[in-house]
Every structure is written in structure tokens, then in C-alpha cells.
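Structure below is final_16.cif: mmCIF, C-alpha atoms and all ligand atoms.
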data_model
#
loop_
_atom_site.label_atom_id
_atom_site.label_comp_id
_atom_site.auth_asym_id
_atom_site.auth_seq_id
_atom_site.Cartn_x
_atom_site.Cartn_y
_atom_site.Cartn_z
CA MET A 14 15.87 45.21 59.83
CA LEU A 15 13.29 42.80 58.42
CA LYS A 16 14.95 43.17 55.02
CA PHE A 17 18.17 41.71 56.36
CA ILE A 18 16.33 38.74 57.85
CA VAL A 19 14.57 38.08 54.54
CA ILE A 20 17.85 38.31 52.65
CA GLY A 21 19.47 36.03 55.20
CA VAL A 22 16.74 33.43 54.85
CA ALA A 23 16.89 33.68 51.05
CA LEU A 24 20.65 33.17 51.10
CA PHE A 25 20.23 30.22 53.43
CA PHE A 26 17.81 28.52 51.04
CA LEU A 27 20.01 29.34 48.05
CA PHE A 28 22.93 27.77 49.87
CA LYS A 29 20.90 24.67 50.71
CA LEU A 30 19.72 24.42 47.12
CA PHE A 31 23.27 24.73 45.88
CA LYS A 32 24.52 22.11 48.30
CA GLY A 33 21.74 19.75 47.27
CA ASP A 34 22.62 20.30 43.62
CA THR A 35 26.27 19.49 44.04
CA ARG A 36 25.37 16.36 45.96
CA LYS A 37 23.11 15.22 43.13
CA LYS A 38 25.89 15.74 40.61
CA ASP A 39 28.17 13.45 42.57
CA LYS A 40 28.34 9.85 41.56
CA PHE A 41 26.75 7.35 43.88
CA SER A 42 28.04 7.44 47.39
CA ASP A 43 29.72 4.24 48.54
CA LYS A 44 26.67 3.33 50.59
CA ASP A 45 24.27 3.83 47.69
CA ARG A 46 26.55 1.96 45.34
CA ASP A 47 26.89 -1.00 47.71
CA ARG A 48 23.13 -1.12 48.09
CA LEU A 49 22.58 -1.07 44.32
CA ILE A 50 25.21 -3.74 43.77
CA ALA A 51 23.69 -5.92 46.49
CA SER A 52 20.23 -5.58 44.99
CA GLY A 53 21.55 -6.40 41.53
CA GLU A 54 20.71 -2.96 40.12
CA MET A 55 24.33 -2.35 39.21
CA VAL A 56 26.70 -4.78 37.56
CA LYS A 57 30.43 -4.72 37.12
CA ASP A 58 31.97 -3.89 33.78
CA PRO A 59 34.21 -6.96 33.32
CA ILE A 60 36.84 -4.93 31.46
CA CYS A 61 37.52 -1.87 33.62
CA GLY A 62 35.69 -2.85 36.83
CA THR A 63 33.34 0.16 36.81
CA TYR A 64 29.87 -0.47 38.13
CA VAL A 65 27.21 0.32 35.56
CA ASP A 66 23.44 0.37 35.70
CA LYS A 67 21.84 -2.98 34.95
CA SER A 68 19.72 -1.30 32.30
CA ALA A 69 22.77 0.12 30.50
CA ASP A 70 22.49 0.15 26.73
CA ILE A 71 25.92 -1.27 26.08
CA ARG A 72 25.66 -4.98 26.71
CA VAL A 73 26.82 -8.29 25.37
CA LYS A 74 25.17 -11.64 25.85
CA ASP A 75 27.29 -14.74 25.75
CA GLU A 76 27.23 -18.25 27.21
CA THR A 77 28.13 -16.91 30.67
CA GLY A 78 25.26 -14.40 30.74
CA VAL A 79 24.63 -10.74 29.97
CA HIS A 80 27.47 -8.32 30.57
CA CYS A 81 27.04 -4.55 30.78
CA PHE A 82 29.76 -2.09 29.82
CA CYS A 83 30.47 1.52 30.64
CA SER A 84 31.53 2.30 27.07
CA PHE A 85 31.73 0.84 23.59
CA GLU A 86 35.48 0.71 24.06
CA CYS A 87 35.09 -1.75 26.92
CA ARG A 88 32.54 -3.75 24.96
CA ASP A 89 34.87 -4.03 22.00
CA LYS A 90 37.70 -5.15 24.26
CA TYR A 91 35.44 -7.80 25.71
CA LEU A 92 34.38 -9.00 22.28
CA LYS A 93 37.99 -9.19 21.17
CA ARG A 94 38.75 -11.23 24.26
CA LEU A 95 35.93 -13.61 23.34
CA ALA A 96 37.31 -14.04 19.84
CA PRO A 97 41.07 -13.54 20.12
CA GLY A 98 41.65 -14.61 16.54
CA THR A 99 40.03 -11.47 15.19
CA GLU A 100 42.44 -9.09 16.92
CA GLU A 101 44.73 -7.20 14.58
ZN ZN A 201 34.41 -0.02 31.20
#
Would it be possible to restate this file's structure as C-alpha cells?
Amino acid sequence: MLKFIVIGVALFFLFKLFKGDTRKKDKFSDKDRDRLIASGEMVKDPICGTYVDKSADIRVKDETGVHCFCSFECRDKYLKRLAPGTEE
């Protein structure tokens, strides 16, 4: 009988662990995201509107400030917008 209890408890912890894992894999919850945006930890990608970490590697500095991008694609689009003459 004790065996079944032990197995049950083990399964319960495995389930909790699994649930915790899937939650971690999720992107920020709306509440977390709002908090990070409010505290300035996340900034909006001006091209696609995605919120990216302030410390993101992909960034451009211009006269209006530093802009962070979710991808090099967005950065390139932004740069092309800054210098429309260079677009092919
Ligand atoms: Zn983007």
C-alpha cells in the first residue's frame, strides 16, 4: 500500500515540475510584460511592435534615442526608413 502512496507522491511532483516547466517556456504573461514595460525594462520594436528586452543586442542609436529590435530584419527596415534614398 505504501508503494502506491510513494508512486502517487512522485507522480504529483513530476506533474508539478512539468507544469512549472511549461510555464517557464511561455513568453511573459501580460502582467509581467506590463510591469517590465512600465519599469522600462522592455522597449517596443518600432517596426513590428514586439516588446524586446532593453538589453537586446540588436539596437540602433539615432537622434531620437536608442531603439531595440527583435531581429536584424526589423533593424534593417528601420535603417532603410531612416535613409530612404538607399532603398533598392
Ligand atoms: Zn521586430
Please identify all protein, DNA and RNA residues within 8 Å of ligand ZN 201 (chain A), counting only C-alpha atoms and all ligand atoms, and report them as a list in words.
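So, counting only C-alpha atoms and all ligand atoms, the residues near ligand ZN 201 (chain A) are Asp58, Pro59, Ile60, Cys61, Gly62, Thr63, Phe82, Cys83, Ser84, Glu86, Cys87 and Arg88 of chain A.
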Pick out the closest residue to Asp43 (chain A) from this set: A:Val79, A:Leu27, A:Tyr64, A:Leu95. Count only C-alpha atoms.
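Among the listed residues, the smallest separation from Asp43 (chain A) belongs to A:Tyr64.
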Can you tell me, as an NGL selection string, what residues are no more than 10 Å from Val73 (chain A) when counting all atoms listed in the file, ignoring any on the same chain fewer than 3 positions away?
:A and (70 or 78-82 or 88-89 or 91-92)
Those selected residues, please, written with C-alpha atoms and delivered as a short mmCIF file (atom, residue, chain, number, x, y, z; two decimals), in the coordinates of the input.
data_model
loop_
_atom_site.label_atom_id
_atom_site.label_comp_id
_atom_site.auth_asym_id
_atom_site.auth_seq_id
_atom_site.Cartn_x
_atom_site.Cartn_y
_atom_site.Cartn_z
CA ASP A 70 22.49 0.15 26.73
CA GLY A 78 25.26 -14.40 30.74
CA VAL A 79 24.63 -10.74 29.97
CA HIS A 80 27.47 -8.32 30.57
CA CYS A 81 27.04 -4.55 30.78
CA PHE A 82 29.76 -2.09 29.82
CA ARG A 88 32.54 -3.75 24.96
CA ASP A 89 34.87 -4.03 22.00
CA TYR A 91 35.44 -7.80 25.71
CA LEU A 92 34.38 -9.00 22.28
#
Would you compute, for all listed atoms of region 52-67 of chain A, the axis-aligned bounding box grown by 5 Å on each side, and then report its centre and edge lengths in Å rounded to one decimal, as JSON?
{"center_x": 28.9, "center_y": -3.3, "center_z": 38.2, "size_x": 27.3, "size_y": 17.3, "size_z": 23.5}
CA of Lys90 (chain A) to CA of Val65 (chain A), straight-line distance in Å:
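Separating CA of Val65 (chain A) from CA of Lys90 (chain A) is a distance of 16.4 Å.
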Of the residues A:Phe25, A:Arg48, A:Arg72, A:Pro97, which is the one nearest to Phe85 (chain A), using only C-alpha atoms?
A:Arg72
How many Å separate CA of Glu76 (chain A) from CA of Arg46 (chain A)?
27.2 Å
Can you give me N, CA and C atoms for region 46-73 of chain A, written as a JSON list (two decimals), in the coordinates of the input?
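Saved result, selection_4.json, follows:
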[["chain", "number", "residue", "atom", "x", "y", "z"],
["A", 46, "ARG", "N", 26.01, 2.88, 46.33],
["A", 46, "ARG", "CA", 26.55, 1.96, 45.34],
["A", 46, "ARG", "C", 26.50, 0.53, 45.87],
["A", 47, "ASP", "N", 26.92, 0.34, 47.11],
["A", 47, "ASP", "CA", 26.89, -1.00, 47.71],
["A", 47, "ASP", "C", 25.48, -1.56, 47.72],
["A", 48, "ARG", "N", 24.53, -0.67, 48.03],
["A", 48, "ARG", "CA", 23.13, -1.12, 48.09],
["A", 48, "ARG", "C", 22.65, -1.55, 46.70],
["A", 49, "LEU", "N", 23.01, -0.75, 45.68],
["A", 49, "LEU", "CA", 22.58, -1.07, 44.32],
["A", 49, "LEU", "C", 23.25, -2.34, 43.81],
["A", 50, "ILE", "N", 24.50, -2.53, 44.19],
["A", 50, "ILE", "CA", 25.21, -3.74, 43.77],
["A", 50, "ILE", "C", 24.57, -4.95, 44.44],
["A", 51, "ALA", "N", 24.28, -4.82, 45.73],
["A", 51, "ALA", "CA", 23.69, -5.92, 46.49],
["A", 51, "ALA", "C", 22.33, -6.30, 45.93],
["A", 52, "SER", "N", 21.57, -5.30, 45.49],
["A", 52, "SER", "CA", 20.23, -5.58, 44.99],
["A", 52, "SER", "C", 20.25, -5.97, 43.52],
["A", 53, "GLY", "N", 21.44, -5.98, 42.92],
["A", 53, "GLY", "CA", 21.55, -6.40, 41.53],
["A", 53, "GLY", "C", 21.21, -5.30, 40.54],
["A", 54, "GLU", "N", 21.05, -4.07, 41.02],
["A", 54, "GLU", "CA", 20.71, -2.96, 40.12],
["A", 54, "GLU", "C", 21.94, -2.47, 39.34],
["A", 55, "MET", "N", 23.11, -2.76, 39.90],
["A", 55, "MET", "CA", 24.33, -2.35, 39.21],
["A", 55, "MET", "C", 25.21, -3.57, 39.01],
["A", 56, "VAL", "N", 25.83, -3.64, 37.85],
["A", 56, "VAL", "CA", 26.70, -4.78, 37.56],
["A", 56, "VAL", "C", 28.08, -4.27, 37.17],
["A", 57, "LYS", "N", 29.05, -5.12, 37.36],
["A", 57, "LYS", "CA", 30.43, -4.72, 37.12],
["A", 57, "LYS", "C", 30.79, -4.88, 35.65],
["A", 58, "ASP", "N", 31.39, -3.84, 35.12],
["A", 58, "ASP", "CA", 31.97, -3.89, 33.78],
["A", 58, "ASP", "C", 33.17, -4.83, 33.87],
["A", 59, "PRO", "N", 33.13, -5.98, 33.16],
["A", 59, "PRO", "CA", 34.21, -6.96, 33.32],
["A", 59, "PRO", "C", 35.56, -6.48, 32.80],
["A", 60, "ILE", "N", 35.58, -5.42, 32.03],
["A", 60, "ILE", "CA", 36.84, -4.93, 31.46],
["A", 60, "ILE", "C", 37.53, -3.96, 32.42],
["A", 61, "CYS", "N", 36.85, -2.89, 32.81],
["A", 61, "CYS", "CA", 37.52, -1.87, 33.62],
["A", 61, "CYS", "C", 37.10, -1.91, 35.08],
["A", 62, "GLY", "N", 36.07, -2.71, 35.43],
["A", 62, "GLY", "CA", 35.69, -2.85, 36.83],
["A", 62, "GLY", "C", 34.74, -1.78, 37.33],
["A", 63, "THR", "N", 34.30, -0.87, 36.42],
["A", 63, "THR", "CA", 33.34, 0.16, 36.81],
["A", 63, "THR", "C", 31.96, -0.47, 36.98],
["A", 64, "TYR", "N", 31.23, 0.02, 37.97],
["A", 64, "TYR", "CA", 29.87, -0.47, 38.13],
["A", 64, "TYR", "C", 28.93, 0.34, 37.26],
["A", 65, "VAL", "N", 28.14, -0.35, 36.46],
["A", 65, "VAL", "CA", 27.21, 0.32, 35.56],
["A", 65, "VAL", "C", 25.80, -0.15, 35.85],
["A", 66, "ASP", "N", 24.84, 0.68, 35.49],
["A", 66, "ASP", "CA", 23.44, 0.37, 35.70],
["A", 66, "ASP", "C", 23.08, -0.90, 34.92],
["A", 67, "LYS", "N", 22.26, -1.72, 35.56],
["A", 67, "LYS", "CA", 21.84, -2.98, 34.95],
["A", 67, "LYS", "C", 21.14, -2.75, 33.62],
["A", 68, "SER", "N", 20.47, -1.59, 33.51],
["A", 68, "SER", "CA", 19.72, -1.30, 32.30],
["A", 68, "SER", "C", 20.57, -0.55, 31.26],
["A", 69, "ALA", "N", 21.87, -0.57, 31.44],
["A", 69, "ALA", "CA", 22.77, 0.12, 30.50],
["A", 69, "ALA", "C", 22.55, -0.39, 29.08],
["A", 70, "ASP", "N", 22.74, 0.50, 28.14],
["A", 70, "ASP", "CA", 22.49, 0.15, 26.73],
["A", 70, "ASP", "C", 23.58, -0.74, 26.15],
["A", 71, "ILE", "N", 24.79, -0.56, 26.66],
["A", 71, "ILE", "CA", 25.92, -1.27, 26.08],
["A", 71, "ILE", "C", 26.05, -2.62, 26.77],
["A", 72, "ARG", "N", 25.63, -3.66, 26.09],
["A", 72, "ARG", "CA", 25.66, -4.98, 26.71],
["A", 72, "ARG", "C", 25.97, -6.06, 25.68],
["A", 73, "VAL", "N", 26.48, -7.14, 26.22],
["A", 73, "VAL", "CA", 26.82, -8.29, 25.37],
["A", 73, "VAL", "C", 26.29, -9.53, 26.06]]
